[in-house]
file coords-v2.csv (CSV, C-alpha atoms)
chain,number,residue,atom,x,y,z
A,29,MET,CA,-26.2,54.2,-164.0
A,30,ILE,CA,-23.7,57.1,-163.4
A,31,GLU,CA,-20.1,56.4,-164.4
A,32,LEU,CA,-17.4,58.9,-163.5
A,33,GLU,CA,-14.3,57.6,-165.2
A,34,GLY,CA,-12.6,61.0,-165.4
A,35,VAL,CA,-13.0,62.0,-161.8
A,36,PRO,CA,-10.3,61.1,-159.3
A,37,GLU,CA,-11.0,59.8,-155.8
A,38,LEU,CA,-12.1,62.8,-153.8
A,39,ILE,CA,-11.0,64.0,-150.3
A,40,ASP,CA,-13.8,64.7,-147.8
A,41,PRO,CA,-16.1,66.0,-150.6
A,42,VAL,CA,-18.8,68.6,-150.0
A,43,MET,CA,-21.4,69.3,-152.7
A,44,VAL,CA,-22.2,73.1,-153.0
A,45,ALA,CA,-25.2,73.9,-155.2
A,46,ALA,CA,-27.0,77.0,-156.4
A,47,PHE,CA,-29.7,77.5,-159.1
A,48,GLU,CA,-30.7,80.6,-161.0
A,49,GLY,CA,-34.4,81.5,-160.8
A,50,TRP,CA,-36.9,81.8,-158.0
A,51,ASN,CA,-34.4,80.9,-155.2
A,52,ASP,CA,-31.7,83.3,-156.4
A,53,ALA,CA,-32.7,86.9,-155.6
A,54,GLY,CA,-30.1,89.3,-157.0
A,55,ASP,CA,-28.3,86.4,-158.5
A,56,ALA,CA,-26.5,86.2,-155.1
A,57,ALA,CA,-26.4,82.4,-154.8
A,58,SER,CA,-25.5,81.4,-158.3
A,59,THR,CA,-22.8,84.1,-158.4
A,60,ALA,CA,-21.3,82.6,-155.2
A,61,VAL,CA,-20.9,79.2,-156.8
A,62,ALA,CA,-19.6,80.8,-160.0
A,63,HIS,CA,-17.0,82.6,-157.8
A,64,LEU,CA,-15.8,79.3,-156.3
A,65,ASP,CA,-15.6,77.7,-159.7
A,66,ARG,CA,-13.6,80.7,-161.1
A,67,GLU,CA,-11.2,81.2,-158.2
A,68,TRP,CA,-10.4,77.5,-157.9
A,69,LYS,CA,-10.5,76.8,-161.7
A,70,GLY,CA,-13.1,74.1,-161.5
A,71,GLU,CA,-13.2,71.4,-164.2
A,72,VAL,CA,-16.7,70.4,-165.5
A,73,PHE,CA,-17.1,66.6,-165.4
A,74,ALA,CA,-20.8,66.2,-166.0
A,75,ALA,CA,-23.9,68.0,-167.3
A,76,LEU,CA,-27.5,67.0,-167.0
A,77,ASP,CA,-29.4,66.4,-170.3
A,78,ALA,CA,-31.2,69.7,-170.9
A,79,GLU,CA,-34.0,67.9,-172.8
A,80,ASP,CA,-35.1,66.1,-169.7
A,81,TYR,CA,-35.6,69.1,-167.4
A,82,TYR,CA,-35.9,72.5,-169.3
A,83,ASP,CA,-38.6,74.2,-171.3
A,84,PHE,CA,-36.6,76.0,-173.9
A,85,GLN,CA,-39.3,78.6,-174.4
A,86,VAL,CA,-38.7,79.6,-170.8
A,87,ASN,CA,-34.9,79.2,-170.7
A,88,ARG,CA,-33.8,79.7,-174.3
A,89,PRO,CA,-30.5,78.4,-175.7
A,90,THR,CA,-28.0,80.9,-177.0
A,91,VAL,CA,-26.1,80.9,-180.3
A,92,TRP,CA,-22.5,82.0,-180.5
A,93,MET,CA,-19.6,81.9,-183.0
A,94,ASP,CA,-16.4,79.8,-182.4
A,95,ALA,CA,-13.7,80.4,-185.0
A,96,GLY,CA,-16.4,81.1,-187.6
A,97,VAL,CA,-18.5,78.1,-186.6
A,98,ARG,CA,-22.0,78.7,-185.1
A,99,LYS,CA,-22.6,76.8,-181.9
A,100,ILE,CA,-25.5,76.5,-179.4
A,101,THR,CA,-25.2,76.5,-175.6
A,102,TRP,CA,-28.2,74.8,-174.0
A,103,PRO,CA,-29.5,75.8,-170.6
A,104,THR,CA,-28.6,73.0,-168.1
A,105,THR,CA,-27.0,72.1,-164.8
A,106,ARG,CA,-23.3,71.4,-164.8
A,107,LEU,CA,-21.1,69.8,-162.1
A,108,SER,CA,-17.4,70.6,-161.6
A,109,VAL,CA,-14.9,69.6,-159.0
A,110,VAL,CA,-12.3,71.8,-157.2
A,111,ARG,CA,-9.6,70.9,-154.7
A,112,VAL,CA,-9.1,73.2,-151.7
A,113,GLY,CA,-5.4,73.0,-150.6
A,114,GLY,CA,-3.9,73.7,-147.2
A,115,ASP,CA,-3.1,71.6,-144.2
A,116,LYS,CA,-6.3,69.7,-144.6
A,117,PRO,CA,-7.2,69.6,-148.3
A,118,ARG,CA,-10.7,68.7,-149.3
A,119,ASP,CA,-12.7,68.7,-152.5
A,120,LEU,CA,-15.8,70.6,-153.4
A,121,VAL,CA,-18.3,69.3,-156.0
A,122,LEU,CA,-19.9,72.5,-157.5
A,123,VAL,CA,-23.4,72.3,-158.9
A,124,ARG,CA,-24.5,75.3,-160.9
A,125,GLY,CA,-27.5,75.5,-163.1
A,126,ILE,CA,-31.0,76.8,-163.6
A,127,GLU,CA,-34.1,75.8,-161.6
A,128,PRO,CA,-35.6,73.0,-163.8
A,129,SER,CA,-38.9,73.5,-165.6
A,130,MET,CA,-40.1,69.9,-165.1
A,131,ARG,CA,-39.3,66.5,-163.6
A,132,TRP,CA,-38.0,67.8,-160.3
A,133,ARG,CA,-37.9,64.5,-158.6
A,134,SER,CA,-35.8,62.9,-161.4
A,135,PHE,CA,-33.6,66.0,-161.4
A,136,CYS,CA,-32.9,65.6,-157.6
A,137,ASN,CA,-32.4,61.9,-157.9
A,138,GLU,CA,-29.8,62.4,-160.7
A,139,LEU,CA,-27.9,64.9,-158.5
A,140,LEU,CA,-28.1,62.5,-155.5
A,141,GLY,CA,-26.7,59.7,-157.8
A,142,PHE,CA,-23.6,61.8,-158.4
A,143,ALA,CA,-23.3,62.6,-154.7
A,144,HIS,CA,-23.5,58.9,-153.9
A,145,GLU,CA,-20.9,57.9,-156.5
A,146,LEU,CA,-18.5,60.6,-155.4
A,147,GLY,CA,-18.8,59.9,-151.7
A,148,VAL,CA,-20.2,63.3,-150.8
A,149,GLU,CA,-20.4,63.8,-147.1
A,150,LEU,CA,-22.5,67.0,-147.0
A,151,VAL,CA,-24.7,68.9,-149.4
A,152,VAL,CA,-24.9,72.7,-149.0
A,153,ILE,CA,-27.5,74.5,-151.1
A,154,LEU,CA,-27.2,78.3,-151.5
A,155,GLY,CA,-30.3,80.5,-151.9
A,156,ALA,CA,-31.3,84.1,-151.8
A,157,LEU,CA,-34.7,85.7,-151.1
A,158,LEU,CA,-36.2,89.1,-151.0
A,159,GLY,CA,-36.9,90.6,-147.6
A,160,ASP,CA,-37.5,93.6,-145.5
A,161,THR,CA,-33.8,94.2,-144.8
A,162,PRO,CA,-31.8,97.5,-145.2
A,163,HIS,CA,-28.9,97.5,-147.6
A,164,THR,CA,-26.9,99.5,-145.0
A,165,ARG,CA,-26.7,96.6,-142.5
A,166,PRO,CA,-24.8,93.3,-142.7
A,167,VAL,CA,-26.7,90.8,-144.9
A,168,PRO,CA,-28.7,88.3,-142.8
A,169,ILE,CA,-27.8,84.7,-143.5
A,170,SER,CA,-29.9,81.9,-142.2
A,171,GLY,CA,-28.7,78.3,-142.1
A,172,THR,CA,-31.4,75.6,-142.0
A,173,THR,CA,-31.7,71.9,-142.2
A,174,SER,CA,-34.4,69.2,-141.9
A,175,ASP,CA,-32.2,67.0,-139.7
A,176,PRO,CA,-32.5,67.8,-135.9
A,177,ASP,CA,-29.1,66.1,-135.1
A,178,LEU,CA,-27.4,68.1,-137.8
A,179,ALA,CA,-29.1,71.3,-136.6
A,180,ARG,CA,-27.6,70.7,-133.1
A,181,ARG,CA,-24.1,69.8,-134.3
A,182,MET,CA,-23.7,72.6,-136.7
A,183,ASP,CA,-25.7,75.3,-134.9
A,184,LEU,CA,-28.4,75.6,-137.5
A,185,GLU,CA,-32.1,76.2,-137.5
A,186,GLU,CA,-34.4,73.3,-137.9
A,187,THR,CA,-36.7,74.4,-140.7
A,188,LYS,CA,-40.3,74.9,-139.9
A,189,TYR,CA,-41.3,76.5,-143.2
A,190,GLU,CA,-44.6,75.6,-144.8
A,191,GLY,CA,-45.7,77.0,-148.2
A,192,PRO,CA,-44.6,77.2,-151.8
A,193,THR,CA,-41.1,76.0,-152.4
A,194,GLY,CA,-38.4,76.0,-155.1
A,195,ILE,CA,-35.8,73.5,-156.2
A,196,VAL,CA,-33.7,74.4,-153.1
A,197,GLY,CA,-36.4,73.1,-150.8
A,198,VAL,CA,-37.1,70.1,-152.9
A,199,LEU,CA,-33.4,69.1,-153.2
A,200,GLN,CA,-32.9,69.5,-149.4
A,201,GLU,CA,-35.8,67.2,-148.7
A,202,ALA,CA,-34.6,64.7,-151.3
A,203,CYS,CA,-31.2,64.6,-149.5
A,204,THR,CA,-32.9,64.1,-146.1
A,205,HIS,CA,-35.0,61.2,-147.4
A,206,ALA,CA,-31.9,59.7,-149.0
A,207,GLY,CA,-29.9,59.9,-145.8
A,208,VAL,CA,-27.5,62.6,-147.1
A,209,PRO,CA,-26.8,65.4,-144.7
A,210,ALA,CA,-28.0,68.7,-146.3
A,211,VAL,CA,-27.9,72.4,-145.3
A,212,SER,CA,-29.4,75.4,-147.0
A,213,LEU,CA,-27.9,78.8,-146.5
A,214,TRP,CA,-30.2,81.8,-147.3
A,215,ALA,CA,-29.2,85.4,-147.9
A,216,ALA,CA,-31.8,88.1,-147.5
A,217,VAL,CA,-31.7,90.7,-150.3
A,218,PRO,CA,-33.4,94.1,-149.9
A,219,HIS,CA,-36.6,94.0,-151.9
A,220,TYR,CA,-36.3,97.6,-152.9
A,221,VAL,CA,-33.0,97.0,-154.7
A,222,SER,CA,-33.4,93.5,-156.0
A,223,GLN,CA,-31.7,93.9,-159.4
A,224,PRO,CA,-28.7,91.7,-159.9
A,225,PRO,CA,-25.9,91.7,-159.2
A,226,ASN,CA,-25.7,91.9,-155.4
A,227,PRO,CA,-22.1,91.3,-154.5
A,228,LYS,CA,-22.7,92.1,-150.8
A,229,ALA,CA,-25.1,89.2,-150.5
A,230,THR,CA,-22.8,86.9,-152.4
A,231,LEU,CA,-19.9,87.8,-150.1
A,232,ALA,CA,-22.1,87.1,-147.0
A,233,LEU,CA,-23.0,83.7,-148.4
A,234,LEU,CA,-19.4,82.8,-149.0
A,235,ASN,CA,-18.4,84.0,-145.5
A,236,ARG,CA,-21.0,81.8,-144.0
A,237,LEU,CA,-20.1,78.8,-146.2
A,238,GLU,CA,-16.5,79.3,-145.2
A,239,ASP,CA,-17.5,79.0,-141.5
A,240,LEU,CA,-19.7,76.0,-142.2
A,241,ILE,CA,-17.3,73.8,-144.0
A,242,ASP,CA,-14.1,75.1,-142.5
A,243,VAL,CA,-12.3,76.2,-145.7
A,244,ARG,CA,-10.6,79.5,-146.6
A,245,ILE,CA,-12.2,80.9,-149.7
A,246,PRO,CA,-10.2,83.4,-151.8
A,247,LEU,CA,-12.4,86.4,-152.3
A,248,GLY,CA,-10.7,88.1,-155.3
A,249,GLU,CA,-12.3,91.4,-156.1
A,250,LEU,CA,-15.6,90.6,-154.4
A,251,PRO,CA,-15.0,92.8,-151.3
A,252,GLU,CA,-14.4,95.8,-153.6
A,253,ASP,CA,-17.5,95.0,-155.6
A,254,ALA,CA,-19.5,94.8,-152.4
A,255,ARG,CA,-18.3,98.2,-151.3
A,256,ALA,CA,-19.0,99.7,-154.7
A,257,TRP,CA,-22.5,98.3,-154.7
A,258,GLN,CA,-23.3,99.8,-151.3
A,259,VAL,CA,-21.9,103.2,-152.2
A,260,GLY,CA,-24.0,103.2,-155.4
A,261,VAL,CA,-27.2,102.3,-153.5
A,262,ASP,CA,-26.4,104.8,-150.8
A,263,GLN,CA,-26.1,107.6,-153.5
A,264,LEU,CA,-29.3,106.6,-155.2
A,265,ALA,CA,-31.3,106.4,-152.0
A,266,ALA,CA,-30.0,109.8,-150.9
A,267,GLU,CA,-31.5,111.3,-154.1
A,268,ASP,CA,-35.0,110.1,-153.2
A,269,SER,CA,-36.4,111.2,-149.8
A,270,GLU,CA,-39.1,108.6,-149.9
A,271,VAL,CA,-36.6,105.8,-150.3
A,272,ALA,CA,-34.3,107.3,-147.7
A,273,GLU,CA,-37.1,107.5,-145.2
A,274,TYR,CA,-38.1,103.9,-145.9
A,275,VAL,CA,-34.5,102.6,-145.5
A,276,GLN,CA,-34.3,104.5,-142.2
A,277,SER,CA,-37.4,102.7,-140.9
A,278,LEU,CA,-35.9,99.4,-141.9
A,279,GLU,CA,-32.7,100.2,-140.1
A,280,GLU,CA,-34.5,101.1,-136.9
A,281,ALA,CA,-36.6,97.9,-137.0
A,282,ARG,CA,-33.5,95.8,-137.7
A,283,ASP,CA,-31.4,97.4,-134.9
A,284,THR,CA,-34.2,97.1,-132.4
A,285,ALA,CA,-34.8,93.4,-133.2
A,286,GLU,CA,-31.1,92.6,-133.0
A,287,LEU,CA,-30.2,94.6,-129.9
A,288,PRO,CA,-30.6,91.6,-127.5
A,289,GLU,CA,-28.4,89.5,-129.8
A,290,ALA,CA,-25.5,91.9,-130.2
A,291,SER,CA,-23.4,89.7,-128.1
A,292,GLY,CA,-20.8,87.1,-128.4
A,293,GLU,CA,-21.8,84.6,-131.1
A,294,ALA,CA,-21.5,86.7,-134.2
A,295,ILE,CA,-18.4,88.5,-132.9
A,296,ALA,CA,-16.8,85.2,-132.1
A,297,ARG,CA,-17.5,83.8,-135.6
A,298,GLU,CA,-15.9,86.9,-137.2
A,299,PHE,CA,-12.9,86.7,-134.9
A,300,GLU,CA,-12.4,83.0,-135.7
A,301,ARG,CA,-12.6,83.8,-139.4
A,302,TYR,CA,-10.0,86.5,-138.9
A,303,LEU,CA,-7.6,84.1,-137.1
A,304,ARG,CA,-8.1,81.5,-139.7
A,305,ARG,CA,-7.2,83.9,-142.5
A,306,ARG,CA,-4.3,85.4,-140.6
A,307,ASP,CA,-2.8,82.0,-139.9
A,308,GLY,CA,-3.2,80.9,-143.5
A,309,GLY,CA,-1.6,84.0,-144.9
A,310,PRO,CA,-3.1,86.7,-147.2
A,311,SER,CA,-5.6,85.6,-149.7
A,312,ALA,CA,-6.1,87.1,-153.2
A,313,GLY,CA,-8.2,90.2,-152.7
A,314,GLY,CA,-8.1,90.0,-148.9
A,315,HIS,CA,-11.1,89.7,-146.7
A,316,ALA,CA,-13.8,92.3,-146.3
A,317,THR,CA,-14.9,92.9,-142.7
A,318,GLU,CA,-18.2,94.7,-142.2
A,319,SER,CA,-18.3,97.6,-139.9
A,320,GLY,CA,-21.3,98.5,-137.8
A,321,ASP,CA,-23.0,100.3,-140.6
A,322,GLY,CA,-22.5,97.5,-143.1
A,323,THR,CA,-19.8,99.2,-145.1
A,324,TYR,CA,-16.5,97.7,-146.2
A,325,LEU,CA,-12.8,98.5,-146.1
A,326,ARG,CA,-12.2,99.3,-149.7
A,327,ASP,CA,-14.0,101.2,-152.4
A,328,ASN,CA,-14.4,100.8,-156.2
A,329,PRO,CA,-17.4,103.0,-157.2
A,330,SER,CA,-19.4,102.0,-160.2
A,331,GLY,CA,-22.8,103.0,-161.6
A,332,ARG,CA,-25.9,101.1,-160.6
A,333,THR,CA,-29.5,100.9,-161.8
A,334,ARG,CA,-31.9,103.1,-159.8
A,335,PRO,CA,-33.8,101.0,-157.3
A,336,PRO,CA,-37.6,101.1,-157.5
A,337,LYS,CA,-39.6,103.0,-154.9
A,338,PRO,CA,-41.0,100.8,-152.1
A,339,PRO,CA,-44.8,100.7,-151.7
A,340,LYS,CA,-46.0,103.2,-149.2
A,341,THR,CA,-48.3,100.7,-147.5
A,342,GLY,CA,-45.4,98.3,-146.8
A,343,PRO,CA,-44.3,95.3,-148.8
A,344,GLU,CA,-46.8,92.4,-148.8
A,345,ASP,CA,-45.6,90.3,-151.6
A,346,ASP,CA,-42.0,89.7,-150.8
A,347,GLU,CA,-40.6,86.2,-150.9
A,348,SER,CA,-40.3,84.5,-147.5
A,349,SER,CA,-37.5,82.3,-146.3
A,350,GLU,CA,-38.1,78.7,-147.2
A,351,ASP,CA,-36.1,75.6,-147.8

call {"tool": "encode", "arguments": {"input": "coords-v2.csv", "output": "structure tokens"}}
result
Amino acid sequence: MIELEGVPELIDPVMVAAFEGWNDAGDAASTAVAHLDREWKGEVFAALDAEDYYDFQVNRPTVWMDAGVRKITWPTTRLSVVRVGGDKPRDLVLVRGIEPSMRWRSFCNELLGFAHELGVELVVILGALLGDTPHTRPVPISGTTSDPDLARRMDLEETKYEGPTGIVGVLQEACTHAGVPAVSLWAAVPHYVSQPPNPKATLALLNRLEDLIDVRIPLGELPEDARAWQVGVDQLAAEDSEVAEYVQSLEEARDTAELPEASGEAIAREFERYLRRRDGGPSAGGHATESGDGTYLRDNPSGRTRPPKPPKTGPEDDESSED
């Protein structure tokens, strides 16, 4: 039985989860939850027993010194709670951890136990995958659910994916079977520059989450980091004609595919987000609005690792969207 003696009664709680590993290309999803935890100073109230779910030869513990005393940090999944203020305050239950090595059904049941005890009204799981998307364009974010009614109400896609899945997909299905509304938000990360971090994808996930649950998320330095990331990749791509040519082909394919959709819906969402932020006053770090070429308003250049060359025959082993 789960007992939460130290957690106060929550207001309209939403659980937001992300897991390092297979479903976290560029560390975009786990970094998004870490950002929420840091900006709102989340307080950890529970941690799952690492012995139950992790292979320590795969995810090794770390040793560190605390005032001359050696301590061990075990890989696990932790839960924290933050309160979002404003006219309509609400609480977020943040779940941040590593994709478990074993006992996935028990893992999901334990998280659902916390969700039930805390009165969670919606579970949002963040993920990131590798895809054929150019780094110069806005990051594609897909919102999916297994619930047809929820898909209609929240303007989401009803998932039709079939194939190998990760803990994101398993947890979403566990929520569905338990009668807990659940949504997965997926960011597409360019496969030719997959090394973490990817602040542009993290920023896109947070913007979509903001729209989905109607909260204003402080962005801190994330817009500047996203701008610096793109400038760094631009410079590296310009140094390699093969990479530059490949990026151009991706741009042309993306622009052609999206031309019929370059209408009201995405523009309306951005305008609504702008109005919400304007009415709520300036946030720490401001809000980064993407221009047509995917760049940002501010710059803070930093060095980046050189992206690997794409295969000449076209990528065939990229991860596909799934949930």

call {"tool": "residues_around", "arguments": {"input": "coords-v2.csv", "residues": "stretch 203-213 of chain A", "least_positions_apart": "2", "cutoff": "9 Å", "atoms": "only C-alpha atoms", "output": "ChimeraX atom specification"}}
result
/A:136-137,140,143-144,148-156,169-175,178-179,184,196-201,215,233,236-237,351

call {"tool": "closest_atom_pairs", "arguments": {"input": "coords-v2.csv", "of": "stretch 143-250 of chain A", "to": "stretch 281-284 of chain A", "cutoff": "12 Å", "atoms": "all atoms listed in the file", "output": "JSON lines"}}
result
{"residue": "A:Gly159", "atom": "CA", "partner": "A:Arg282", "partner_atom": "CA", "distance": 11.7}
{"residue": "A:Asp160", "atom": "CA", "partner": "A:Arg282", "partner_atom": "CA", "distance": 9.0}
{"residue": "A:Thr161", "atom": "CA", "partner": "A:Arg282", "partner_atom": "CA", "distance": 7.3}
{"residue": "A:Pro162", "atom": "CA", "partner": "A:Arg282", "partner_atom": "CA", "distance": 7.9}
{"residue": "A:His163", "atom": "CA", "partner": "A:Arg282", "partner_atom": "CA", "distance": 11.0}
{"residue": "A:Thr164", "atom": "CA", "partner": "A:Arg282", "partner_atom": "CA", "distance": 10.5}
{"residue": "A:Arg165", "atom": "CA", "partner": "A:Arg282", "partner_atom": "CA", "distance": 8.4}
{"residue": "A:Pro166", "atom": "CA", "partner": "A:Arg282", "partner_atom": "CA", "distance": 10.3}
{"residue": "A:Val167", "atom": "CA", "partner": "A:Arg282", "partner_atom": "CA", "distance": 11.1}
{"residue": "A:Pro168", "atom": "CA", "partner": "A:Arg282", "partner_atom": "CA", "distance": 10.3}

call {"tool": "residues_around", "arguments": {"input": "coords-v2.csv", "residues": "A:Ile126", "least_positions_apart": "2", "cutoff": "6 Å", "atoms": "all atoms listed in the file", "output": "list in words"}}
result
Phe47, Glu48 and Pro128 of chain A

call {"tool": "atom_distance", "arguments": {"input": "coords-v2.csv", "atom1": "atom CA of A:Glu71", "atom2": "atom CA of A:Pro246"}}
result
17.5 Å

call {"tool": "residues_around", "arguments": {"input": "coords-v2.csv", "residues": "A:Ala75", "least_positions_apart": "6", "cutoff": "7 Å", "atoms": "only C-alpha atoms", "output": "list in words"}}
result
Thr104, Thr105, Arg106 and Leu107 of chain A

call {"tool": "closest_residue", "arguments": {"input": "coords-v2.csv", "among": "A:Gly114, A:Leu231, A:Leu264, A:Ala60", "to": "A:Glu252", "atoms": "all atoms listed in the file"}}
result
A:Leu231

call {"tool": "atom_distance", "arguments": {"input": "coords-v2.csv", "atom1": "atom CA of A:Leu146", "atom2": "atom CA of A:Leu38"}}
result
7.0 Å

call {"tool": "closest_residue", "arguments": {"input": "coords-v2.csv", "among": "A:Gly49, A:Gly96, A:Gly70, A:Gly54", "to": "A:Ala229", "atoms": "all atoms listed in the file"}}
result
A:Gly54

call {"tool": "build_atoms", "arguments": {"input": "coords-v2.csv", "residues": "stretch 232-261 of chain A", "atoms": "N, CA and C atoms", "output": "compact mmCIF listing (two decimals), in the coordinates of the input"}}
result
# COMPACT_ATOMS: atom_id res chain seq x y z
N ALA A 232 -21.56 87.64 -148.30
CA ALA A 232 -22.10 87.10 -147.00
C ALA A 232 -22.30 85.62 -147.10
N LEU A 233 -22.82 85.13 -148.22
CA LEU A 233 -23.00 83.70 -148.40
C LEU A 233 -21.68 82.95 -148.34
N LEU A 234 -20.66 83.49 -149.01
CA LEU A 234 -19.40 82.80 -149.00
C LEU A 234 -18.72 82.84 -147.63
N ASN A 235 -18.88 83.92 -146.90
CA ASN A 235 -18.40 84.00 -145.50
C ASN A 235 -19.01 82.90 -144.66
N ARG A 236 -20.32 82.75 -144.80
CA ARG A 236 -21.00 81.80 -144.00
C ARG A 236 -20.66 80.34 -144.42
N LEU A 237 -20.50 80.13 -145.73
CA LEU A 237 -20.10 78.80 -146.20
C LEU A 237 -18.68 78.50 -145.69
N GLU A 238 -17.82 79.48 -145.67
CA GLU A 238 -16.50 79.30 -145.20
C GLU A 238 -16.50 78.80 -143.71
N ASP A 239 -17.33 79.40 -142.89
CA ASP A 239 -17.50 79.00 -141.50
C ASP A 239 -18.04 77.56 -141.41
N LEU A 240 -19.01 77.27 -142.27
CA LEU A 240 -19.70 76.00 -142.20
C LEU A 240 -18.85 74.81 -142.50
N ILE A 241 -18.06 74.91 -143.57
CA ILE A 241 -17.30 73.80 -144.00
C ILE A 241 -15.80 73.89 -143.70
N ASP A 242 -15.43 74.97 -142.99
CA ASP A 242 -14.10 75.10 -142.50
C ASP A 242 -13.04 75.13 -143.61
N VAL A 243 -13.26 75.99 -144.59
CA VAL A 243 -12.30 76.20 -145.70
C VAL A 243 -12.03 77.70 -145.79
N ARG A 244 -10.91 78.05 -146.35
CA ARG A 244 -10.60 79.50 -146.60
C ARG A 244 -10.82 79.77 -148.04
N ILE A 245 -11.79 80.64 -148.31
CA ILE A 245 -12.20 80.90 -149.70
C ILE A 245 -11.52 82.22 -150.16
N PRO A 246 -10.77 82.17 -151.25
CA PRO A 246 -10.20 83.40 -151.80
C PRO A 246 -11.33 84.29 -152.35
N LEU A 247 -11.28 85.54 -151.99
CA LEU A 247 -12.40 86.40 -152.30
C LEU A 247 -12.17 87.27 -153.56
N GLY A 248 -10.94 87.33 -154.05
CA GLY A 248 -10.70 88.10 -155.30
C GLY A 248 -11.13 89.54 -155.13
N GLU A 249 -11.88 90.03 -156.11
CA GLU A 249 -12.30 91.40 -156.10
C GLU A 249 -13.71 91.59 -155.48
N LEU A 250 -14.25 90.52 -154.91
CA LEU A 250 -15.60 90.60 -154.40
C LEU A 250 -15.77 91.62 -153.26
N PRO A 251 -14.81 91.78 -152.33
CA PRO A 251 -15.00 92.80 -151.30
C PRO A 251 -15.10 94.23 -151.92
N GLU A 252 -14.27 94.52 -152.94
CA GLU A 252 -14.40 95.80 -153.60
C GLU A 252 -15.70 96.00 -154.30
N ASP A 253 -16.17 94.94 -154.93
CA ASP A 253 -17.50 95.00 -155.60
C ASP A 253 -18.60 95.24 -154.61
N ALA A 254 -18.51 94.60 -153.45
CA ALA A 254 -19.50 94.80 -152.40
C ALA A 254 -19.56 96.22 -151.91
N ARG A 255 -18.38 96.76 -151.71
CA ARG A 255 -18.30 98.20 -151.30
C ARG A 255 -18.85 99.11 -152.33
N ALA A 256 -18.50 98.87 -153.58
CA ALA A 256 -19.00 99.70 -154.70
C ALA A 256 -20.51 99.64 -154.76
N TRP A 257 -21.05 98.45 -154.60
CA TRP A 257 -22.50 98.30 -154.70
C TRP A 257 -23.19 99.09 -153.58
N GLN A 258 -22.67 99.02 -152.37
CA GLN A 258 -23.30 99.80 -151.30
C GLN A 258 -23.21 101.27 -151.48
N VAL A 259 -22.04 101.73 -151.93
CA VAL A 259 -21.90 103.20 -152.20
C VAL A 259 -22.86 103.62 -153.25
N GLY A 260 -23.02 102.82 -154.30
CA GLY A 260 -24.00 103.20 -155.40
C GLY A 260 -25.39 103.25 -154.88
N VAL A 261 -25.82 102.28 -154.06
CA VAL A 261 -27.20 102.30 -153.50
C VAL A 261 -27.37 103.43 -152.55
